[in-house]
Amino acid sequence: MDMIYDLAHSTTFDYANAVSLSHHTLRLLPRELPGQQCLESALEITPAPSVIKSHRDYFGNQMNFVTVEGSHRRLVVTSRSRVNVAPATPPKPEDTPTWEAVRDLCGDDEPNSAWEAREFIYPSPHIKRQAEFTAYAEPSFVAKRSLLETVLHLTNRIYTEFKFDSKATTIATPLDEVLKTRRGVCQDFAQLEIACLRSMGIPARYVSGYLETDPPPGKPRLAGADASHAWVSFFCPGKGWIDVDPTNNILPSNRHITVAWGRDYSDVSPIRGVLLGSGEHSLKVAVDVIPIQEPRLPL
């Protein structure tokens, strides 16, 4: 069954000193995909920007560039969207080629069906090629095992062997430390799985978006209590890109809403900016992912 969601993602920056000029790139609006349609979307920015331009980045993500002029000590950026998401239908593991066949195809220098996926084999700013990732990946890469079965095995190991701990890491925490401590958040687990797949010659990219979550039993849904989410997409010849979520050990379906993808987090950061003035600042983020049963009035 298709699901329709109302999304709201609000980011508030409070600056210790006044900012006179700021430039920001925003990747906050959901992508248009075969199984996902963005029905409506809008950006609300306070103070109002003097410049706002929209375009697609290298990976096809919707990106907005904004300039805010004039003295301000607070910046609030809110994106609102309504998205229709259809259930995904992943292939059966036995219907996918062996991982060795995919590795060899993607490692071939000649043009073939994996030509465009090849760039996702190489190291990226947050994901380096290290022997530790190969060593961790190898137990899942059994000879002649199908690619999807291999990836699901790796996904399950990350899910069961690592602990979700929101205080264990930051965006700057190296992946080898995540592997050592076995703790982190969805961003860490996604980038770790990508590092393992790339180390074995399998193209993999980082996907950012949202996940519909349920409140604890007997508790009401709290406004602003949801969060951004991250997962992995890997390339399978003949099947295209297949998503997998190591944080939850599932193949994403109609509860995952895709916003952007790239080589790693650095390509899909929701908000990135350059400021003139200020110094220290505080950051607050509130996210709502609300399923609706029928279309409402326009946002």
# chains A, B, ... in the order shown; residues from 1 in each chain; ligands from 1
call {"tool": "residues_around", "arguments": {"residues": "range 185-198 of chain A", "least_positions_apart": "4", "cutoff": "6 Å", "atoms": "only C-alpha atoms", "output": "PyMOL selection string"}}
result
chain A and resi 121+127+133-134+137+164+166+202-204+230-232+247
call {"tool": "select_by_dssp", "arguments": {"residues": "range 101-261 of chain A", "states": "strand (DSSP E or B)", "output": "count of residues only"}}
result
39
call {"tool": "residues_around", "arguments": {"residues": "range 91-99 of chain A", "least_positions_apart": "2", "cutoff": "8 Å", "atoms": "only C-alpha atoms", "output": "list of chain:residue names"}}
result
A:Thr89, A:Ala101, A:Val102, A:Arg103, A:Phe141, A:Lys144, A:Arg145, A:Ser146, A:Leu147, A:Leu148, A:Glu149, A:Thr150, A:Ile202, A:Cys236, A:Pro237, A:Lys239
call {"tool": "write_last_selection", "arguments": {"atoms": "C-alpha atoms", "output": "PDB file, in the first residue's frame"}}
result
ATOM      1  CA  THR A  89       9.718  -5.008  -4.273  1.00  0.00           C
ATOM      2  CA  ALA A 101      30.503 -11.665 -10.757  1.00  0.00           C
ATOM      3  CA  VAL A 102      29.464  -8.171  -9.667  1.00  0.00           C
ATOM      4  CA  ARG A 103      32.969  -7.370  -8.428  1.00  0.00           C
ATOM      5  CA  PHE A 141      31.586 -12.828   1.299  1.00  0.00           C
ATOM      6  CA  LYS A 144      29.663 -18.112  -4.985  1.00  0.00           C
ATOM      7  CA  ARG A 145      27.134 -16.558  -2.582  1.00  0.00           C
ATOM      8  CA  SER A 146      24.560 -14.338  -4.311  1.00  0.00           C
ATOM      9  CA  LEU A 147      25.088 -10.607  -3.961  1.00  0.00           C
ATOM     10  CA  LEU A 148      21.845  -9.897  -2.096  1.00  0.00           C
ATOM     11  CA  GLU A 149      22.381 -12.794   0.305  1.00  0.00           C
ATOM     12  CA  THR A 150      25.914 -11.503   0.923  1.00  0.00           C
ATOM     13  CA  ILE A 202      30.834  -3.628  -4.737  1.00  0.00           C
ATOM     14  CA  CYS A 236      23.226  -5.056  -8.566  1.00  0.00           C
ATOM     15  CA  PRO A 237      23.574  -5.591 -12.342  1.00  0.00           C
ATOM     16  CA  LYS A 239      18.349  -5.133 -10.845  1.00  0.00           C
TER      17      LYS A 239
END
call {"tool": "select_by_dssp", "arguments": {"residues": "range 134-257 of chain A", "states": "alpha helix (DSSP H)", "output": "mmCIF file with C-alpha atoms, in the first residue's frame"}}
result
data_model
loop_
_atom_site.group_PDB
_atom_site.id
_atom_site.type_symbol
_atom_site.label_atom_id
_atom_site.label_comp_id
_atom_site.auth_asym_id
_atom_site.auth_seq_id
_atom_site.Cartn_x
_atom_site.Cartn_y
_atom_site.Cartn_z
ATOM 1 C CA THR A 134 38.064 -5.807 4.236
ATOM 2 C CA ALA A 135 38.782 -8.061 7.209
ATOM 3 C CA TYR A 136 35.387 -7.310 8.757
ATOM 4 C CA ALA A 137 33.562 -7.835 5.461
ATOM 5 C CA LEU A 147 25.088 -10.607 -3.961
ATOM 6 C CA LEU A 148 21.845 -9.897 -2.096
ATOM 7 C CA GLU A 149 22.381 -12.794 0.305
ATOM 8 C CA THR A 150 25.914 -11.503 0.923
ATOM 9 C CA VAL A 151 24.748 -7.959 1.644
ATOM 10 C CA LEU A 152 21.932 -9.157 3.905
ATOM 11 C CA HIS A 153 24.422 -11.268 5.861
ATOM 12 C CA LEU A 154 26.723 -8.253 6.302
ATOM 13 C CA THR A 155 23.768 -6.058 7.258
ATOM 14 C CA ASN A 156 22.647 -8.506 9.920
ATOM 15 C CA ARG A 157 26.142 -8.684 11.395
ATOM 16 C CA ILE A 158 26.353 -4.900 11.723
ATOM 17 C CA TYR A 159 22.887 -4.831 13.264
ATOM 18 C CA THR A 160 23.663 -7.526 15.839
ATOM 19 C CA GLU A 161 27.304 -6.699 16.612
ATOM 20 C CA LEU A 175 35.143 4.895 10.786
ATOM 21 C CA ASP A 176 37.964 2.768 12.115
ATOM 22 C CA GLU A 177 37.059 3.995 15.619
ATOM 23 C CA VAL A 178 33.412 3.025 15.027
ATOM 24 C CA LEU A 179 34.603 -0.434 13.985
ATOM 25 C CA LYS A 180 36.770 -0.684 17.097
ATOM 26 C CA THR A 181 34.198 0.493 19.661
ATOM 27 C CA CYS A 186 22.680 5.290 11.650
ATOM 28 C CA GLN A 187 25.180 7.507 9.836
ATOM 29 C CA ASP A 188 28.080 5.443 11.204
ATOM 30 C CA PHE A 189 26.482 2.095 10.412
ATOM 31 C CA ALA A 190 25.634 3.168 6.860
ATOM 32 C CA GLN A 191 29.153 4.432 6.183
ATOM 33 C CA LEU A 192 30.674 1.313 7.743
ATOM 34 C CA GLU A 193 28.647 -0.979 5.501
ATOM 35 C CA ILE A 194 29.575 1.130 2.474
ATOM 36 C CA ALA A 195 33.257 0.869 3.436
ATOM 37 C CA CYS A 196 32.944 -2.912 3.676
ATOM 38 C CA LEU A 197 31.143 -3.248 0.345
ATOM 39 C CA ARG A 198 33.586 -0.997 -1.488
ATOM 40 C CA SER A 199 36.525 -2.863 0.007
#
call {"tool": "atom_distance", "arguments": {"atom1": "CA of Phe59 in chain A", "atom2": "CA of Val268 in chain A"}}
result
9.5 Å
call {"tool": "residues_around", "arguments": {"residues": "Tyr15 in chain A", "least_positions_apart": "4", "cutoff": "9 Å", "atoms": "only C-alpha atoms", "output": "ChimeraX atom specification"}}
result
/A:19,72-75,278-283
call {"tool": "residues_around", "arguments": {"residues": "Asp6 in chain A", "least_positions_apart": "3", "cutoff": "10 Å", "atoms": "only C-alpha atoms", "output": "ChimeraX atom specification"}}
result
/A:39-41,80-84,288-292,295-296,299
call {"tool": "atom_distance", "arguments": {"atom1": "CA of Val285 in chain A", "atom2": "CA of Ala227 in chain A"}}
result
8.3 Å
call {"tool": "closest_residue", "arguments": {"among": "A:Phe235, A:Tyr122, A:Tyr5, A:Phe162", "to": "Asn248 in chain A", "atoms": "only C-alpha atoms"}}
result
A:Phe162
call {"tool": "residues_around", "arguments": {"residues": "Arg272 in chain A", "least_positions_apart": "2", "cutoff": "7 Å", "atoms": "only C-alpha atoms", "output": "list in words"}}
result
His24, Thr25, Leu26, Ser269 and Pro270 of chain A
